[in-house]
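Peer 1: Sharing coords32.tsv below, TSV, C-alpha atoms:
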```
chain	number	residue	atom	x	y	z
Z	26	MET	CA	138.13	90.74	33.78
Z	27	SER	CA	139.00	94.20	32.42
Z	28	ALA	CA	140.99	96.74	34.37
Z	29	TRP	CA	137.84	98.92	34.55
Z	30	THR	CA	135.77	96.05	36.01
Z	31	ARG	CA	138.49	95.22	38.53
Z	32	CYS	CA	138.54	98.88	39.62
Z	33	LEU	CA	134.75	98.95	40.12
Z	34	THR	CA	134.87	95.72	42.12
Z	35	LEU	CA	137.63	97.06	44.36
Z	36	SER	CA	135.81	100.34	44.88
Z	37	SER	CA	132.60	98.51	45.84
Z	38	ALA	CA	134.51	96.41	48.36
Z	39	VAL	CA	136.04	99.52	49.94
Z	40	ILE	CA	132.60	101.15	50.22
Z	41	LEU	CA	131.15	98.02	51.87
Z	42	VAL	CA	133.93	98.12	54.47
Z	43	LEU	CA	133.77	101.87	55.09
Z	44	VAL	CA	129.98	102.26	55.45
Z	45	PRO	CA	129.64	100.12	58.63
Z	46	ALA	CA	132.69	101.85	60.09
Z	47	MET	CA	131.15	105.25	59.40
Z	48	VAL	CA	127.86	104.17	61.01
Z	49	MET	CA	129.68	102.86	64.10
Z	50	ALA	CA	131.54	106.14	64.46
Z	51	SER	CA	128.56	108.41	63.91
Z	52	PRO	CA	127.67	110.78	66.78
Z	53	THR	CA	124.16	109.36	67.10
Z	54	SER	CA	125.42	105.90	68.02
Z	55	ALA	CA	128.67	106.71	69.85
Z	56	GLN	CA	128.64	105.72	73.51
Z	57	THR	CA	128.64	108.57	76.04
Z	58	LYS	CA	130.21	107.87	79.44
Z	59	LEU	CA	128.81	109.80	82.41
Z	60	ARG	CA	129.86	110.11	86.07
Z	61	TRP	CA	127.21	109.98	88.83
Z	62	ALA	CA	128.62	110.84	92.26
Z	63	HIS	CA	127.36	110.90	95.85
Z	64	VAL	CA	128.61	110.62	99.44
Z	65	TYR	CA	126.63	107.60	100.62
Z	66	GLU	CA	127.73	104.05	101.40
Z	67	VAL	CA	127.43	101.22	98.87
Z	68	THR	CA	124.95	99.41	101.13
Z	69	GLU	CA	122.47	102.28	101.18
Z	70	PRO	CA	119.39	102.41	98.89
Z	71	TYR	CA	120.61	105.65	97.32
Z	72	HIS	CA	123.58	103.81	95.85
Z	73	THR	CA	121.84	100.56	94.93
Z	74	GLU	CA	119.04	102.46	93.20
Z	75	ALA	CA	121.54	104.68	91.38
Z	76	LEU	CA	123.18	101.50	90.06
Z	77	TRP	CA	119.76	100.25	88.97
Z	78	ALA	CA	118.96	103.55	87.22
Z	79	ALA	CA	122.35	103.56	85.48
Z	80	GLY	CA	121.73	100.05	84.20
Z	81	GLU	CA	118.22	100.90	83.04
Z	82	ILE	CA	119.35	104.03	81.19
Z	83	ARG	CA	122.06	102.04	79.47
Z	84	LYS	CA	119.55	99.37	78.47
Z	85	ARG	CA	116.75	101.74	77.44
Z	86	SER	CA	119.16	103.87	75.39
Z	87	ASN	CA	120.52	100.77	73.61
Z	88	GLY	CA	123.90	101.31	75.20
Z	89	LYS	CA	124.28	104.94	74.19
Z	90	TYR	CA	124.71	106.15	77.79
Z	91	ASP	CA	127.10	104.35	80.11
Z	92	ILE	CA	126.82	105.80	83.63
Z	93	GLU	CA	129.40	104.94	86.29
Z	94	VAL	CA	128.32	105.56	89.89
Z	95	PHE	CA	130.91	106.83	92.38
Z	96	PRO	CA	129.81	106.34	96.03
Z	97	ALA	CA	131.16	107.24	99.48
Z	98	SER	CA	132.64	110.68	98.66
Z	99	ARG	CA	135.06	109.19	96.12
Z	100	LEU	CA	134.70	112.31	93.97
Z	101	GLY	CA	134.40	114.73	96.89
Z	102	ASN	CA	131.98	116.00	99.52
Z	103	GLU	CA	128.64	117.55	98.61
Z	104	ASN	CA	129.97	121.08	98.26
Z	105	GLN	CA	132.69	119.73	95.97
Z	106	LEU	CA	130.10	117.80	93.95
Z	107	ASN	CA	128.09	121.00	93.49
Z	108	GLU	CA	131.26	122.63	92.18
Z	109	GLY	CA	131.95	119.60	89.99
Z	110	LEU	CA	128.58	120.07	88.29
Z	111	ARG	CA	129.48	123.67	87.55
Z	112	LEU	CA	132.88	122.69	86.17
Z	113	GLY	CA	131.56	119.65	84.28
Z	114	THR	CA	133.87	117.23	86.12
Z	115	VAL	CA	130.84	115.27	87.33
Z	116	ASP	CA	127.65	114.81	85.35
Z	117	ILE	CA	124.97	113.66	87.81
Z	118	VAL	CA	124.84	114.02	91.59
Z	119	TYR	CA	122.77	113.20	94.63
Z	120	VAL	CA	122.92	116.34	96.78
Z	121	GLY	CA	121.26	117.01	100.13
Z	122	ILE	CA	118.64	119.72	99.93
Z	123	ASN	CA	120.62	121.99	102.25
Z	124	PHE	CA	123.59	121.88	99.88
Z	125	VAL	CA	121.38	122.88	96.95
Z	126	ALA	CA	120.14	125.73	99.15
Z	127	ALA	CA	123.69	127.05	99.31
Z	128	ILE	CA	123.23	127.89	95.62
Z	129	TYR	CA	119.50	128.70	95.62
Z	130	LYS	CA	118.21	129.44	99.13
Z	131	PRO	CA	114.44	128.90	98.73
Z	132	LEU	CA	114.99	125.21	97.93
Z	133	GLY	CA	116.21	124.75	101.49
Z	134	ILE	CA	112.80	125.48	102.95
Z	135	THR	CA	112.15	121.85	103.95
Z	136	GLY	CA	115.60	121.59	105.53
Z	137	ALA	CA	114.70	123.84	108.45
Z	138	PRO	CA	113.99	122.12	111.80
Z	139	PHE	CA	110.34	121.04	112.24
Z	140	MET	CA	109.38	122.67	108.93
Z	141	LEU	CA	107.67	119.46	107.79
Z	142	ARG	CA	105.17	117.71	110.01
Z	143	ASP	CA	105.83	114.13	108.95
Z	144	PHE	CA	106.42	111.78	106.02
Z	145	ASP	CA	102.96	112.48	104.55
Z	146	HIS	CA	103.73	116.19	104.55
Z	147	TRP	CA	107.00	115.41	102.74
Z	148	LYS	CA	105.13	113.38	100.08
Z	149	ALA	CA	102.68	116.24	99.59
Z	150	TYR	CA	105.62	118.60	99.04
Z	151	ARG	CA	107.24	116.22	96.54
Z	152	ALA	CA	104.06	116.29	94.43
Z	153	SER	CA	103.40	119.99	94.89
Z	154	LYS	CA	103.50	122.97	92.56
Z	155	LEU	CA	105.75	124.62	95.15
Z	156	PHE	CA	108.51	122.04	94.67
Z	157	ALA	CA	108.10	122.21	90.87
Z	158	ASP	CA	108.34	126.00	90.95
Z	159	LEU	CA	111.40	126.04	93.21
Z	160	SER	CA	113.11	123.43	91.04
Z	161	LYS	CA	112.42	125.52	87.95
Z	162	ASP	CA	113.86	128.61	89.65
Z	163	TYR	CA	116.99	126.63	90.54
Z	164	GLU	CA	117.26	125.48	86.92
Z	165	ASP	CA	116.91	129.05	85.68
Z	166	LYS	CA	119.70	130.15	88.03
Z	167	THR	CA	122.16	127.28	87.45
Z	168	ARG	CA	121.02	125.66	84.16
Z	169	HIS	CA	121.25	122.29	85.97
Z	170	LYS	CA	118.18	120.05	86.02
Z	171	ILE	CA	116.59	118.63	89.18
Z	172	VAL	CA	114.95	115.41	88.05
Z	173	ALA	CA	113.93	113.74	91.33
Z	174	LEU	CA	113.44	114.22	95.06
Z	175	THR	CA	114.39	111.37	97.42
Z	176	TYR	CA	113.43	110.96	101.06
Z	177	TYR	CA	116.51	110.93	103.27
Z	178	GLY	CA	114.72	110.34	106.56
Z	179	GLN	CA	114.09	112.14	109.82
Z	180	ARG	CA	117.27	113.42	111.43
Z	181	HIS	CA	117.99	112.38	115.04
Z	182	VAL	CA	120.76	113.28	117.45
Z	183	THR	CA	123.34	110.81	118.74
Z	184	ALA	CA	125.43	111.54	121.82
Z	185	ASN	CA	127.16	109.95	124.77
Z	186	LYS	CA	124.53	111.16	127.21
Z	187	PRO	CA	120.72	111.28	127.43
Z	188	ILE	CA	119.05	114.39	125.97
Z	189	MET	CA	115.45	115.13	126.90
Z	190	LYS	CA	114.99	118.84	126.13
Z	191	PRO	CA	116.71	121.60	124.14
Z	192	GLU	CA	118.53	122.89	127.21
Z	193	ASP	CA	120.39	119.57	127.46
Z	194	MET	CA	122.22	120.44	124.24
Z	195	LYS	CA	123.46	123.86	125.33
Z	196	GLY	CA	127.20	124.12	124.60
Z	197	MET	CA	127.33	120.62	123.10
Z	198	LYS	CA	129.82	120.29	120.23
Z	199	LEU	CA	127.49	118.96	117.55
Z	200	ARG	CA	128.76	117.92	114.14
Z	201	VAL	CA	126.68	119.38	111.36
Z	202	PRO	CA	127.18	119.13	107.60
Z	203	PRO	CA	128.96	122.16	106.09
Z	204	ALA	CA	125.64	123.64	104.93
Z	205	PRO	CA	124.59	127.01	106.42
Z	206	LEU	CA	120.90	126.25	106.92
Z	207	LEU	CA	121.64	123.37	109.30
Z	208	LEU	CA	122.93	125.94	111.77
Z	209	MET	CA	119.28	126.85	112.43
Z	210	PHE	CA	118.85	123.69	114.50
Z	211	THR	CA	122.03	124.21	116.55
Z	212	ARG	CA	121.03	127.83	117.16
Z	213	SER	CA	117.58	126.75	118.37
Z	214	VAL	CA	119.08	124.46	121.03
Z	215	GLY	CA	122.21	126.45	121.88
Z	216	ALA	CA	124.64	123.80	120.64
Z	217	ASP	CA	128.12	124.58	119.31
Z	218	ALA	CA	127.95	123.78	115.58
Z	219	THR	CA	131.03	122.01	114.23
Z	220	PRO	CA	130.97	121.55	110.43
Z	221	ILE	CA	132.71	118.32	109.39
Z	222	GLY	CA	132.61	116.48	106.05
Z	223	PHE	CA	130.47	113.36	105.96
Z	224	SER	CA	133.36	110.95	105.42
Z	225	ASP	CA	135.16	112.24	108.54
Z	226	VAL	CA	132.31	112.05	111.06
Z	227	TYR	CA	133.06	108.59	112.46
Z	228	ASN	CA	136.66	109.50	113.25
Z	229	ALA	CA	135.63	112.85	114.76
Z	230	LEU	CA	133.22	111.06	117.12
Z	231	GLN	CA	135.76	108.37	117.95
Z	232	GLN	CA	138.46	110.93	118.77
Z	233	GLY	CA	136.13	113.16	120.79
Z	234	LEU	CA	136.48	116.12	118.45
Z	235	VAL	CA	132.70	116.46	118.67
Z	236	ASP	CA	130.19	115.32	121.30
Z	237	GLY	CA	127.55	114.15	118.89
Z	238	GLN	CA	126.04	114.32	115.42
Z	239	GLU	CA	122.62	114.20	113.78
Z	240	ASN	CA	121.44	112.02	110.90
Z	241	PRO	CA	118.56	109.71	109.96
Z	242	LEU	CA	118.45	106.18	111.36
Z	243	PRO	CA	119.51	104.45	108.10
Z	244	THR	CA	122.61	106.65	107.93
Z	245	ILE	CA	123.44	106.10	111.59
Z	246	MET	CA	123.28	102.36	110.94
Z	247	ALA	CA	125.18	102.45	107.64
Z	248	LYS	CA	127.99	104.61	109.05
Z	249	LYS	CA	128.16	102.47	112.24
Z	250	PHE	CA	127.89	105.46	114.54
Z	251	TYR	CA	126.58	103.05	117.19
Z	252	GLU	CA	130.20	101.98	117.64
Z	253	VAL	CA	131.24	105.45	118.82
Z	254	GLN	CA	128.06	106.86	120.41
Z	255	SER	CA	126.05	105.44	123.30
Z	256	HIS	CA	122.68	107.24	122.95
Z	257	ILE	CA	120.29	107.94	120.11
Z	258	VAL	CA	117.82	110.73	120.78
Z	259	LEU	CA	114.71	110.58	118.58
Z	260	THR	CA	114.34	114.29	117.98
Z	261	GLY	CA	113.13	113.90	114.38
Z	262	HIS	CA	114.01	117.56	114.02
Z	263	ILE	CA	114.43	117.67	110.24
Z	264	THR	CA	112.60	115.64	107.60
Z	265	GLU	CA	115.45	115.51	105.13
Z	266	SER	CA	115.55	115.21	101.34
Z	267	MET	CA	118.09	114.93	98.58
Z	268	VAL	CA	117.75	115.82	94.93
Z	269	THR	CA	119.07	114.10	91.82
Z	270	VAL	CA	120.64	116.76	89.61
Z	271	VAL	CA	121.83	116.37	86.01
Z	272	GLY	CA	124.45	118.90	84.97
Z	273	SER	CA	123.55	121.42	82.29
Z	274	HIS	CA	126.46	120.24	80.14
Z	275	VAL	CA	124.69	116.88	79.88
Z	276	TRP	CA	121.00	117.81	80.09
Z	277	ASN	CA	121.13	120.39	77.32
Z	278	LYS	CA	122.67	117.88	74.90
Z	279	LEU	CA	119.94	115.28	75.42
Z	280	THR	CA	117.06	115.05	72.98
Z	281	PRO	CA	113.57	115.55	74.45
Z	282	ASP	CA	113.05	111.77	74.38
Z	283	GLU	CA	116.35	111.23	76.16
Z	284	GLN	CA	115.51	113.86	78.77
Z	285	LYS	CA	112.27	112.01	79.46
Z	286	LEU	CA	114.16	108.71	79.68
Z	287	PHE	CA	116.61	110.12	82.24
Z	288	ALA	CA	113.93	111.87	84.29
Z	289	ASP	CA	111.48	108.94	84.35
Z	290	THR	CA	114.17	106.42	85.28
Z	291	MET	CA	115.69	108.59	88.00
Z	292	LYS	CA	112.27	109.37	89.48
Z	293	GLU	CA	111.56	105.66	89.61
Z	294	ALA	CA	114.88	105.06	91.37
Z	295	ALA	CA	114.12	107.90	93.82
Z	296	ALA	CA	110.70	106.42	94.60
Z	297	LYS	CA	112.20	102.99	95.27
Z	298	ALA	CA	114.91	104.43	97.53
Z	299	THR	CA	112.29	106.50	99.36
Z	300	GLU	CA	110.18	103.41	100.08
Z	301	ALA	CA	113.21	101.51	101.34
Z	302	ILE	CA	114.34	104.31	103.64
Z	303	GLU	CA	110.87	104.92	105.08
Z	304	ALA	CA	110.41	101.19	105.74
Z	305	SER	CA	113.81	100.89	107.43
Z	306	GLU	CA	113.04	103.80	109.76
Z	307	ARG	CA	110.25	101.73	111.32
Z	308	VAL	CA	112.62	99.02	112.54
Z	309	LEU	CA	116.03	100.58	112.97
Z	310	SER	CA	115.63	102.08	116.44
Z	311	ALA	CA	115.01	98.56	117.79
Z	312	GLN	CA	118.02	97.24	115.87
Z	313	LEU	CA	120.25	100.03	117.19
Z	314	LYS	CA	119.05	99.22	120.71
Z	315	LYS	CA	120.14	95.61	120.17
Z	316	LEU	CA	123.54	96.91	119.10
Z	317	GLY	CA	123.94	98.57	122.50
Z	318	MET	CA	122.56	102.08	122.01
Z	319	THR	CA	120.22	103.63	124.55
Z	320	VAL	CA	117.15	104.91	122.72
Z	321	VAL	CA	115.80	108.18	124.17
Z	322	GLU	CA	112.39	109.69	123.36
Z	323	PRO	CA	112.78	113.38	124.20
Z	324	ASP	CA	110.20	116.14	124.56
Z	325	ARG	CA	109.83	116.78	120.80
Z	326	GLU	CA	107.26	119.52	121.36
Z	327	ALA	CA	109.84	121.49	123.36
Z	328	PHE	CA	112.34	121.13	120.49
Z	329	ARG	CA	109.68	122.21	117.98
Z	330	LYS	CA	108.75	125.31	120.00
Z	331	ALA	CA	112.42	126.28	120.19
Z	332	ALA	CA	112.76	126.10	116.40
Z	333	LEU	CA	109.52	127.78	115.25
Z	334	PRO	CA	110.61	131.39	115.92
Z	335	LEU	CA	113.54	130.92	113.53
Z	336	HIS	CA	111.54	129.62	110.56
Z	337	ASN	CA	111.38	132.98	108.81
Z	338	ASP	CA	114.47	134.57	110.37
Z	339	ALA	CA	116.97	135.46	107.64
Z	340	SER	CA	119.75	135.78	110.22
Z	341	ALA	CA	119.17	132.10	111.10
Z	342	GLY	CA	119.45	130.99	107.48
Z	343	ALA	CA	115.88	131.34	106.19
Z	344	GLY	CA	115.99	132.19	102.50
Z	345	TRP	CA	112.37	131.82	101.41
Z	346	THR	CA	109.46	134.21	101.24
Z	347	ARG	CA	106.58	134.24	103.68
Z	348	ALA	CA	104.29	133.24	100.81
Z	349	GLN	CA	106.42	130.16	100.08
Z	350	TYR	CA	106.41	129.29	103.79
Z	351	ASP	CA	102.63	129.58	104.02
Z	352	GLU	CA	102.19	127.53	100.84
Z	353	LEU	CA	104.31	124.74	102.29
Z	354	GLN	CA	102.48	124.75	105.61
Z	355	SER	CA	99.10	124.57	103.84
Z	356	LEU	CA	99.98	121.33	102.03
Z	357	LYS	CA	97.99	118.30	103.15
```
Would you mind writing the file's structure down as structure tokens?
Peer 2:
Amino acid sequence: MSAWTRCLTLSSAVILVLVPAMVMASPTSAQTKLRWAHVYEVTEPYHTEALWAAGEIRKRSNGKYDIEVFPASRLGNENQLNEGLRLGTVDIVYVGINFVAAIYKPLGITGAPFMLRDFDHWKAYRASKLFADLSKDYEDKTRHKIVALTYYGQRHVTANKPIMKPEDMKGMKLRVPPAPLLLMFTRSVGADATPIGFSDVYNALQQGLVDGQENPLPTIMAKKFYEVQSHIVLTGHITESMVTVVGSHVWNKLTPDEQKLFADTMKEAAAKATEAIEASERVLSAQLKKLGMTVVEPDREAFRKAALPLHNDASAGAGWTRAQYDELQSLK
């Protein structure tokens, strides 16, 4: 074999080795690791469905996107997760609607007490032009993308005493999330609002720093509040939601097909979590009773009448227009 032939053979061998390496290292096939954070427990549907969605996105993208889910406030509380999206330190979050409203107030409209009639009203809102428009306005303001709305459940009060009417809560130290709009409920009943991070609520109740708290039944069960509170009062004062938000630093780099993949998968996960939460609400009051809690059915109409005058009161936290309010109330 001539020196020239040997050189060609060696060059061909080098090319055959380098080409696969170049393909493996190309931007289109490199794996992208993302962080999805929330404040909920690992046993809750929000977390299990986030794990499912992460696995599906990895599979459907042929391994291009590897999403790690961080539960139980491991990366911070909801205000900190909002800030993490802005800074790019987290990529995807579940955030309660009232925390999104801290950035864009009109999105908090369903977080006001007795704003939604029931679960059917919530479903109508999820499918409405109003929700789509508000989400688009939030996106225009923040550049982050809301891809799904998940049912969080009806919020109820827990305490160490029976509560039948709004007056029974006057002066009560009630833990509320550190979200301004939730003060509308405490104002309507004359309670003393005490903002405490979600991960610290159990200890605050146990130590008597607060007299009670309010959350949906699945959360009360998951956080074991029945161990530190004797009564559950079925006020159903807020029909709560959370949104799945993808940070702009991620969303804007996705191709249109990838954006559809993320949105479709996360909406599917949200729908599955919603079904699980709504189903659990039907049985959990009986289960909490078996665990030793006294279940109280208060005068909900009295609570509703106390809240209605604040619905469009900016000093109470209302940040929507009268037209948006009327559009929401007209949904069937």
Peer 1: Do you have, as CSV, the list of residues of region 241-307 of chain Z lying at most 10 Å from region 141-164 of chain Z, each with its nearest atom pair and that distance in Å to one decimal, counting all atoms listed in the file and ordered by chain then number?
Peer 2:
```
residue,atom,partner,partner_atom,distance
Z:Gly261,CA,Z:Asp143,CA,9.1
Z:His262,CA,Z:Leu141,CA,9.1
Z:Ile263,CA,Z:Leu141,CA,7.4
Z:Thr264,CA,Z:Leu141,CA,6.2
Z:Glu265,CA,Z:Trp147,CA,8.8
Z:Ser266,CA,Z:Trp147,CA,8.7
Z:Val268,CA,Z:Ser160,CA,9.7
Z:Val270,CA,Z:Glu164,CA,9.7
Z:Gly272,CA,Z:Glu164,CA,9.9
Z:Ser273,CA,Z:Glu164,CA,8.8
Z:Thr299,CA,Z:Lys148,CA,10.0
Z:Glu303,CA,Z:Phe144,CA,8.2
```
Peer 1: Pick from Z:Arg99, Z:Ala229, Z:Lys292, Z:Ile302: nearest to Tyr177 (chain Z), with all atoms listed in the file counted?
Peer 2: Z:Ile302
Peer 1: Calculated over all atoms listed in the file, which of the candidates Z:Gly88, Z:Pro323, Z:Gly222, Z:Pro281 has the smallest distance to Ala204 (chain Z)?
Peer 2: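 Smallest separation from Ala204 (chain Z) among the options: Z:Gly222.
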Peer 1: Counting only C-alpha atoms, which of Z:Leu174, Z:Leu112, Z:Val125, Z:Leu313 gets nearest to Met291 (chain Z)?
Peer 2: Z:Leu174
Peer 1: Kindly assemble as CSV a list of the region 242-319 of chain Z residues that lie within 10 Å of region 55-70 of chain Z, each paired with its nearest atom pair and their distance in Å to one decimal, using only C-alpha atoms, sorted first by chain and then by ascending residue number.
Peer 2:
```
residue,atom,partner,partner_atom,distance
Z:Pro243,CA,Z:Glu69,CA,7.8
Z:Thr244,CA,Z:Glu69,CA,8.0
Z:Met246,CA,Z:Glu69,CA,9.8
Z:Ala247,CA,Z:Glu66,CA,6.9
Z:Lys248,CA,Z:Glu66,CA,7.7
Z:Thr269,CA,Z:Trp61,CA,9.6
Z:Val270,CA,Z:Trp61,CA,9.5
Z:Val271,CA,Z:Trp61,CA,8.8
Z:Val275,CA,Z:Leu59,CA,8.6
Z:Ala294,CA,Z:Pro70,CA,9.2
Z:Ala295,CA,Z:Pro70,CA,9.1
Z:Lys297,CA,Z:Pro70,CA,8.1
Z:Ala298,CA,Z:Pro70,CA,5.1
Z:Thr299,CA,Z:Pro70,CA,8.2
Z:Glu300,CA,Z:Pro70,CA,9.3
Z:Ala301,CA,Z:Pro70,CA,6.7
Z:Ile302,CA,Z:Pro70,CA,7.2
```
Peer 1: Have a look at Z:Lys195, Z:His181, Z:Arg85, Z:Arg212 and name the one nearest to Pro334 (chain Z); count all atoms listed in the file.
Peer 2: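 Smallest distance to Pro334 (chain Z) is found for Z:Arg212.
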Peer 1: Which is closest to Asp116 (chain Z) among Z:Ala288, Z:Glu283, Z:Ser255, Z:His274, if we use all atoms listed in the file?
Peer 2: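 Ranking Z:Ala288, Z:Glu283, Z:Ser255, Z:His274 by distance to Asp116 (chain Z), first place goes to Z:His274.
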Peer 1: Please identify all polymer residues within 8 Å of Tyr227 (chain Z), counting all atoms listed in the file, omitting same-chain residues fewer than 6 positions from it, and present them as a PyMOL selection string.
Peer 2: chain Z and resi 248-250+253
Peer 1: Give me, as a ChimeraX atom specification, all polymer residues having an atom no more than 9 Å from Val321 (chain Z), counting all atoms listed in the file and skipping those fewer than 6 positions away in the same chain.
Peer 2: /Z:187-189,256-260
Peer 1: Quick one: distance from CA of Gly344 (chain Z) to CA of Lys190 (chain Z) in Å, one decimal?
Peer 2: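 Going from CA of Gly344 (chain Z) over to CA of Lys190 (chain Z) covers 27.2 Å.
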Peer 1: Quick one: residues within 6 Å of Gly133 (chain Z), only C-alpha atoms, excluding same-chain residues fewer than 6 positions away - as a ChimeraX atom specification?
Peer 2: /Z:122-123,126
Peer 1: CA of Lys89 (chain Z) and CA of Gly101 (chain Z) are how many Å apart?
Peer 2: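 Distance reported for this atom pair: 26.7 Å.
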Peer 1: Give the answer as one residue: which of Z:Thr73, Z:His169, Z:Thr280, Z:Met267 has the shortest atom-to-atom distance to Gly109 (chain Z), using only C-alpha atoms?
Peer 2: Z:His169
Peer 1: Can you measure CA of Thr219 (chain Z) to CA of Gly233 (chain Z) for me? One decimal in Å is fine.
Peer 2: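 Calculated distance between CA of Thr219 (chain Z) and CA of Gly233 (chain Z) is 12.1 Å.
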